[in-house]
Amino acid sequence: MYNLNPVITKEYILKHLDQAQILEYYLGVKVDVNTKVKSPLRRDNNPSCSFKMINGTIYFKDWAQGFSGDWIKIIQYKYGITYAKALEKCAIDFGLTNGSVKATVVKVEYIPEKLEPKESKIEIKIRPWDQYDREFWSKYGINKAMLTLYNVYPCEIVFYNSKVVYTRRKNDIAYAYRFGPSKYKIYMPQRNAFRWLSNYNSWQGLEQLPEFGDHIVITKSMKDVMALRQFGVVSAAPASEAVIPDDGIMTEISRRFTNIYSFMDFDLTGVKMANTLLKRYNIKPLFLTDGRFGTINYGAKDISDYIEINGTTETLKLINQYKESKYDNINRNTTIHQKGDGS
């Protein structure tokens, strides 16, 4: 048991250390809000992580896995410890436990720990489908048959590296997207933060694609893939909107499908990905625009939200309208912008 003197709080630590210093110590990478980095916490072939300052707090964001956290969350995540223990560890590692330090930023000389990326182990205990699952997925027009097709399972318990990290509660449902033996994305939609847990970082929905087709949509999430398929639109999704698709997979998709479209969110991240797909592979972008830049305001950020807001009948009308126009007029008033997201 550590005997800490003085009492270690978040505020006490930040009187003596700056956030970037702490993050660099535990992550072993330089904090730069303008540069993407490879994740030091897992195997990451492409830079899919970044830092962002929000209301004075620096957050580390893993776009591929949906993980985000400040310096305390990073310590918790890395060592599998509680909030209080994370504060203790930080104070001890930086020599702030003897009560004699001054209230200035301490310039600690340190050599960042070399992190060896490792494969995270996720295991699940499946439970039966129930009314709460039906209520959740039916909002997006997705039925049980579609969930079965895409290997989605309701979770009773989730284990991460042999530790229980989730147990079923009435207001905290979780679903496992299975992509192969021991490869999962865990989706916890009712949480405000840390809604994802994953050890999979590749395409979603490829296995369920037909061998050949006239059209395919490259979208941004498994939920949207299933929602579109429910309306007869074949689609697949890369690991996230921030991960550049692999050339080999895009070549294979181009070989099998005559027309390829992207369907990303109309925000900075989504527009950047749409631009990348347009420039690299000549893939025409589609958006549910929001009225900015003289565009139509669809009142929803993605197809799942559109279904929830407008219902399946109106969504079917919209999709049929796009099909009848051969997708040529979907965003006829849309100009793709990369500077800012209007927020």
# chains A, B, ... in the order shown; residues from 1 in each chain; ligands from 1
$ select_by_dssp --residues "range 125-266 of chain A" --states "strand (DSSP E or B)" --output "compact mmCIF listing (two decimals) with N, CA and C atoms, in the first residue's frame"
# COMPACT_ATOMS: atom_id res chain seq x y z
N LYS A 125 -19.45 -13.55 -23.67
CA LYS A 125 -20.50 -14.51 -23.33
C LYS A 125 -21.78 -13.97 -23.96
N ILE A 126 -22.35 -14.75 -24.86
CA ILE A 126 -23.53 -14.32 -25.60
C ILE A 126 -24.78 -14.56 -24.75
N VAL A 152 -23.58 -10.32 -35.73
CA VAL A 152 -23.73 -9.44 -34.59
C VAL A 152 -24.37 -10.23 -33.45
N TYR A 153 -23.80 -10.14 -32.25
CA TYR A 153 -24.27 -10.92 -31.11
C TYR A 153 -24.52 -10.02 -29.90
N PRO A 154 -25.62 -10.25 -29.17
CA PRO A 154 -25.84 -9.52 -27.91
C PRO A 154 -24.95 -10.10 -26.82
N CYS A 155 -24.38 -9.24 -25.99
CA CYS A 155 -23.40 -9.69 -25.00
C CYS A 155 -23.97 -9.70 -23.58
N GLU A 156 -23.67 -10.75 -22.86
CA GLU A 156 -23.94 -10.81 -21.43
C GLU A 156 -22.72 -10.32 -20.64
N ILE A 157 -21.54 -10.80 -21.06
CA ILE A 157 -20.28 -10.42 -20.43
C ILE A 157 -19.23 -10.22 -21.52
N VAL A 158 -18.35 -9.25 -21.33
CA VAL A 158 -17.22 -9.04 -22.23
C VAL A 158 -15.93 -9.08 -21.41
N PHE A 159 -14.96 -9.87 -21.88
CA PHE A 159 -13.65 -9.97 -21.25
C PHE A 159 -12.62 -9.30 -22.15
N TYR A 160 -11.78 -8.45 -21.56
CA TYR A 160 -10.69 -7.81 -22.30
C TYR A 160 -9.39 -8.19 -21.63
N LYS A 163 -9.93 -9.85 -18.34
CA LYS A 163 -10.60 -9.08 -17.29
C LYS A 163 -12.03 -8.77 -17.73
N VAL A 164 -12.96 -8.84 -16.79
CA VAL A 164 -14.34 -8.48 -17.09
C VAL A 164 -14.44 -6.96 -17.22
N VAL A 165 -14.82 -6.49 -18.40
CA VAL A 165 -14.94 -5.05 -18.62
C VAL A 165 -16.37 -4.62 -18.89
N TYR A 166 -17.26 -5.61 -19.03
CA TYR A 166 -18.67 -5.29 -19.25
C TYR A 166 -19.53 -6.43 -18.75
N THR A 167 -20.62 -6.08 -18.04
CA THR A 167 -21.67 -7.03 -17.70
C THR A 167 -23.01 -6.37 -18.02
N ARG A 169 -26.46 -4.70 -18.18
CA ARG A 169 -27.38 -3.94 -17.34
C ARG A 169 -28.51 -3.44 -18.23
N ASP A 172 -27.49 -0.45 -20.30
CA ASP A 172 -26.14 -0.51 -20.84
C ASP A 172 -26.00 -1.80 -21.66
N TYR A 175 -23.10 -5.04 -27.93
CA TYR A 175 -23.17 -5.97 -29.05
C TYR A 175 -21.76 -6.24 -29.56
N ALA A 176 -21.53 -7.49 -29.96
CA ALA A 176 -20.24 -7.87 -30.53
C ALA A 176 -20.38 -8.04 -32.03
N TYR A 177 -19.58 -7.31 -32.78
CA TYR A 177 -19.45 -7.54 -34.21
C TYR A 177 -18.28 -8.53 -34.37
N ARG A 178 -18.56 -9.70 -34.89
CA ARG A 178 -17.52 -10.73 -35.01
C ARG A 178 -16.97 -10.75 -36.44
N PHE A 179 -15.65 -10.67 -36.56
CA PHE A 179 -15.00 -10.63 -37.87
C PHE A 179 -14.10 -11.83 -38.12
N GLY A 180 -14.12 -12.77 -37.22
CA GLY A 180 -13.29 -13.95 -37.33
C GLY A 180 -12.98 -14.47 -35.95
N LYS A 183 -11.82 -12.07 -33.13
CA LYS A 183 -11.72 -10.72 -33.66
C LYS A 183 -13.08 -10.04 -33.50
N TYR A 184 -13.13 -8.99 -32.67
CA TYR A 184 -14.40 -8.36 -32.35
C TYR A 184 -14.29 -6.84 -32.32
N LYS A 185 -15.42 -6.21 -32.61
CA LYS A 185 -15.66 -4.84 -32.20
C LYS A 185 -16.86 -4.89 -31.25
N ILE A 186 -16.70 -4.36 -30.05
CA ILE A 186 -17.77 -4.33 -29.07
C ILE A 186 -18.40 -2.94 -29.11
N TYR A 187 -19.70 -2.89 -29.32
CA TYR A 187 -20.45 -1.64 -29.46
C TYR A 187 -21.38 -1.49 -28.26
N TRP A 196 -16.81 1.96 -27.61
CA TRP A 196 -16.23 0.93 -28.45
C TRP A 196 -15.06 0.25 -27.74
N LEU A 197 -14.93 -1.03 -28.00
CA LEU A 197 -13.77 -1.81 -27.59
C LEU A 197 -13.46 -2.73 -28.76
N SER A 198 -12.21 -2.79 -29.19
CA SER A 198 -11.93 -3.52 -30.43
C SER A 198 -10.53 -4.10 -30.45
N GLN A 204 -15.19 -3.80 -42.78
CA GLN A 204 -16.42 -4.36 -42.21
C GLN A 204 -17.42 -4.61 -43.34
N GLY A 213 -21.53 -6.98 -58.81
CA GLY A 213 -22.71 -6.13 -58.73
C GLY A 213 -22.54 -4.86 -59.53
N ASP A 214 -23.65 -4.15 -59.75
CA ASP A 214 -23.61 -2.89 -60.49
C ASP A 214 -23.15 -1.74 -59.60
N HIS A 215 -23.59 -1.75 -58.32
CA HIS A 215 -23.30 -0.63 -57.44
C HIS A 215 -22.83 -1.12 -56.07
N ILE A 216 -21.95 -0.36 -55.47
CA ILE A 216 -21.57 -0.57 -54.08
C ILE A 216 -21.30 0.79 -53.45
N VAL A 217 -21.63 0.90 -52.17
CA VAL A 217 -21.41 2.13 -51.42
C VAL A 217 -20.35 1.87 -50.35
N ILE A 218 -19.32 2.70 -50.30
CA ILE A 218 -18.32 2.65 -49.23
C ILE A 218 -18.76 3.63 -48.16
N SER A 235 -23.09 -2.51 -49.44
CA SER A 235 -22.07 -1.58 -48.96
C SER A 235 -21.05 -2.30 -48.09
N ALA A 236 -19.95 -1.59 -47.83
CA ALA A 236 -18.91 -2.06 -46.91
C ALA A 236 -18.28 -0.83 -46.29
N ALA A 237 -17.51 -1.02 -45.24
CA ALA A 237 -16.92 0.11 -44.52
C ALA A 237 -15.49 -0.19 -44.11
N PHE A 257 -17.33 -4.60 -58.82
CA PHE A 257 -18.50 -3.71 -58.89
C PHE A 257 -18.27 -2.61 -59.93
N THR A 258 -19.31 -2.35 -60.72
CA THR A 258 -19.20 -1.40 -61.83
C THR A 258 -19.12 0.04 -61.34
N ASN A 259 -19.98 0.40 -60.40
CA ASN A 259 -20.06 1.77 -59.90
C ASN A 259 -19.82 1.78 -58.40
N ILE A 260 -18.93 2.66 -57.96
CA ILE A 260 -18.58 2.74 -56.54
C ILE A 260 -18.82 4.16 -56.06
N TYR A 261 -19.49 4.28 -54.92
CA TYR A 261 -19.78 5.58 -54.31
C TYR A 261 -19.34 5.56 -52.86
N SER A 262 -18.94 6.71 -52.35
CA SER A 262 -18.67 6.84 -50.92
C SER A 262 -19.87 7.52 -50.26
N PHE A 263 -20.11 7.20 -49.00
CA PHE A 263 -21.24 7.78 -48.26
C PHE A 263 -20.76 8.01 -46.83
$ residues_around --residues "range 297-311 of chain A" --least-positions-apart "5" --cutoff "7 Å" --atoms "only C-alpha atoms" --output "list in words"
Lys139, Tyr140, Gly141, Asp224, Ala227, Asp265, Phe266, Leu288, Thr289, Asp290 and Gly291 of chain A
$ residues_around --residues "Ser202 in chain A" --least-positions-apart "6" --cutoff "10 Å" --atoms "only C-alpha atoms" --output "list of chain:residue names"
A:Ala64, A:Phe179, A:Ala237, A:Pro238, A:Ala239, A:Ser240, A:Val243, A:Pro245, A:Asp246
$ closest_residue --among "A:Ile54, A:Leu149, A:Cys49, A:Ile13" --to "Phe94 in chain A" --atoms "only C-alpha atoms"
A:Ile13
$ residues_around --residues "range 85-93 of chain A" --least-positions-apart "5" --cutoff "9 Å" --atoms "only C-alpha atoms" --output "list of chain:residue names"
A:Tyr2, A:Leu4, A:Ile8, A:Thr9, A:Lys10, A:Ile13, A:Ile22, A:Ile72, A:Lys73, A:Ile74, A:Ile75, A:Gln76, A:Tyr79
$ write_last_selection --atoms "C-alpha atoms" --output "mmCIF file, in the first residue's frame"
data_model
loop_
_atom_site.group_PDB
_atom_site.id
_atom_site.type_symbol
_atom_site.label_atom_id
_atom_site.label_comp_id
_atom_site.auth_asym_id
_atom_site.auth_seq_id
_atom_site.Cartn_x
_atom_site.Cartn_y
_atom_site.Cartn_z
ATOM 1 C CA TYR A 2 1.380 3.393 -0.986
ATOM 2 C CA LEU A 4 0.993 9.230 -0.283
ATOM 3 C CA ILE A 8 -2.877 13.302 -4.715
ATOM 4 C CA THR A 9 -5.610 14.793 -6.874
ATOM 5 C CA LYS A 10 -5.853 15.632 -10.553
ATOM 6 C CA ILE A 13 -0.682 16.841 -10.380
ATOM 7 C CA ILE A 22 2.412 13.156 -18.928
ATOM 8 C CA ILE A 72 -5.737 9.798 -16.669
ATOM 9 C CA LYS A 73 -7.714 7.512 -18.974
ATOM 10 C CA ILE A 74 -4.526 6.594 -20.821
ATOM 11 C CA ILE A 75 -2.868 5.473 -17.579
ATOM 12 C CA GLN A 76 -5.998 3.533 -16.596
ATOM 13 C CA TYR A 79 -2.177 -0.539 -16.792
#
$ closest_residue --among "A:Arg134, A:Lys61, A:Arg127, A:Lys52" --to "Lys38 in chain A" --atoms "only C-alpha atoms"
A:Lys61
$ atom_distance --atom1 "CA of Asp133 in chain A" --atom2 "CA of Ile173 in chain A"
8.1 Å
$ decode --residues "range 60-75 of chain A" --atoms "N, CA, C and O atoms" --output "PDB file, in the first residue's frame"
ATOM      1  N   PHE A  60      -6.166  11.936 -26.340  1.00  0.00           N
ATOM      2  CA  PHE A  60      -5.592  11.002 -27.308  1.00  0.00           C
ATOM      3  C   PHE A  60      -6.741  10.226 -27.924  1.00  0.00           C
ATOM      4  O   PHE A  60      -7.550   9.634 -27.210  1.00  0.00           O
ATOM      5  N   LYS A  61      -6.846  10.236 -29.262  1.00  0.00           N
ATOM      6  CA  LYS A  61      -7.963   9.596 -29.952  1.00  0.00           C
ATOM      7  C   LYS A  61      -7.454   8.518 -30.892  1.00  0.00           C
ATOM      8  O   LYS A  61      -6.617   8.766 -31.750  1.00  0.00           O
ATOM      9  N   ASP A  62      -7.941   7.301 -30.697  1.00  0.00           N
ATOM     10  CA  ASP A  62      -7.677   6.194 -31.615  1.00  0.00           C
ATOM     11  C   ASP A  62      -8.905   6.056 -32.510  1.00  0.00           C
ATOM     12  O   ASP A  62      -9.931   5.517 -32.110  1.00  0.00           O
ATOM     13  N   TRP A  63      -8.810   6.585 -33.727  1.00  0.00           N
ATOM     14  CA  TRP A  63      -9.966   6.630 -34.626  1.00  0.00           C
ATOM     15  C   TRP A  63     -10.395   5.248 -35.085  1.00  0.00           C
ATOM     16  O   TRP A  63     -11.582   5.004 -35.316  1.00  0.00           O
ATOM     17  N   ALA A  64      -9.455   4.332 -35.220  1.00  0.00           N
ATOM     18  CA  ALA A  64      -9.791   2.997 -35.711  1.00  0.00           C
ATOM     19  C   ALA A  64     -10.579   2.195 -34.692  1.00  0.00           C
ATOM     20  O   ALA A  64     -11.434   1.393 -35.053  1.00  0.00           O
ATOM     21  N   GLN A  65     -10.306   2.409 -33.408  1.00  0.00           N
ATOM     22  CA  GLN A  65     -10.966   1.625 -32.375  1.00  0.00           C
ATOM     23  C   GLN A  65     -12.021   2.412 -31.607  1.00  0.00           C
ATOM     24  O   GLN A  65     -12.730   1.860 -30.784  1.00  0.00           O
ATOM     25  N   GLY A  66     -12.123   3.714 -31.878  1.00  0.00           N
ATOM     26  CA  GLY A  66     -13.127   4.503 -31.182  1.00  0.00           C
ATOM     27  C   GLY A  66     -12.762   4.842 -29.758  1.00  0.00           C
ATOM     28  O   GLY A  66     -13.601   5.298 -28.988  1.00  0.00           O
ATOM     29  N   PHE A  67     -11.486   4.634 -29.390  1.00  0.00           N
ATOM     30  CA  PHE A  67     -11.037   4.914 -28.027  1.00  0.00           C
ATOM     31  C   PHE A  67     -10.564   6.357 -27.925  1.00  0.00           C
ATOM     32  O   PHE A  67      -9.863   6.856 -28.800  1.00  0.00           O
ATOM     33  N   SER A  68     -10.933   7.042 -26.852  1.00  0.00           N
ATOM     34  CA  SER A  68     -10.489   8.408 -26.625  1.00  0.00           C
ATOM     35  C   SER A  68     -10.343   8.641 -25.128  1.00  0.00           C
ATOM     36  O   SER A  68     -11.140   8.134 -24.337  1.00  0.00           O
ATOM     37  N   GLY A  69      -9.311   9.404 -24.750  1.00  0.00           N
ATOM     38  CA  GLY A  69      -9.151   9.672 -23.330  1.00  0.00           C
ATOM     39  C   GLY A  69      -8.079  10.699 -23.035  1.00  0.00           C
ATOM     40  O   GLY A  69      -7.179  10.934 -23.848  1.00  0.00           O
ATOM     41  N   ASP A  70      -8.193  11.324 -21.862  1.00  0.00           N
ATOM     42  CA  ASP A  70      -7.166  12.254 -21.407  1.00  0.00           C
ATOM     43  C   ASP A  70      -6.039  11.461 -20.748  1.00  0.00           C
ATOM     44  O   ASP A  70      -6.008  10.228 -20.790  1.00  0.00           O
ATOM     45  N   TRP A  71      -5.095  12.164 -20.107  1.00  0.00           N
ATOM     46  CA  TRP A  71      -3.930  11.481 -19.557  1.00  0.00           C
ATOM     47  C   TRP A  71      -4.290  10.477 -18.466  1.00  0.00           C
ATOM     48  O   TRP A  71      -3.652   9.421 -18.357  1.00  0.00           O
ATOM     49  N   ILE A  72      -5.336  10.750 -17.707  1.00  0.00           N
ATOM     50  CA  ILE A  72      -5.737   9.798 -16.669  1.00  0.00           C
ATOM     51  C   ILE A  72      -6.287   8.521 -17.292  1.00  0.00           C
ATOM     52  O   ILE A  72      -5.950   7.403 -16.884  1.00  0.00           O
ATOM     53  N   LYS A  73      -7.142   8.684 -18.305  1.00  0.00           N
ATOM     54  CA  LYS A  73      -7.714   7.512 -18.974  1.00  0.00           C
ATOM     55  C   LYS A  73      -6.632   6.677 -19.645  1.00  0.00           C
ATOM     56  O   LYS A  73      -6.729   5.440 -19.680  1.00  0.00           O
ATOM     57  N   ILE A  74      -5.615   7.334 -20.192  1.00  0.00           N
ATOM     58  CA  ILE A  74      -4.526   6.594 -20.821  1.00  0.00           C
ATOM     59  C   ILE A  74      -3.811   5.720 -19.802  1.00  0.00           C
ATOM     60  O   ILE A  74      -3.497   4.550 -20.059  1.00  0.00           O
ATOM     61  N   ILE A  75      -3.531   6.260 -18.617  1.00  0.00           N
ATOM     62  CA  ILE A  75      -2.868   5.473 -17.579  1.00  0.00           C
ATOM     63  C   ILE A  75      -3.766   4.312 -17.148  1.00  0.00           C
ATOM     64  O   ILE A  75      -3.311   3.175 -16.977  1.00  0.00           O
TER      65      ILE A  75
END
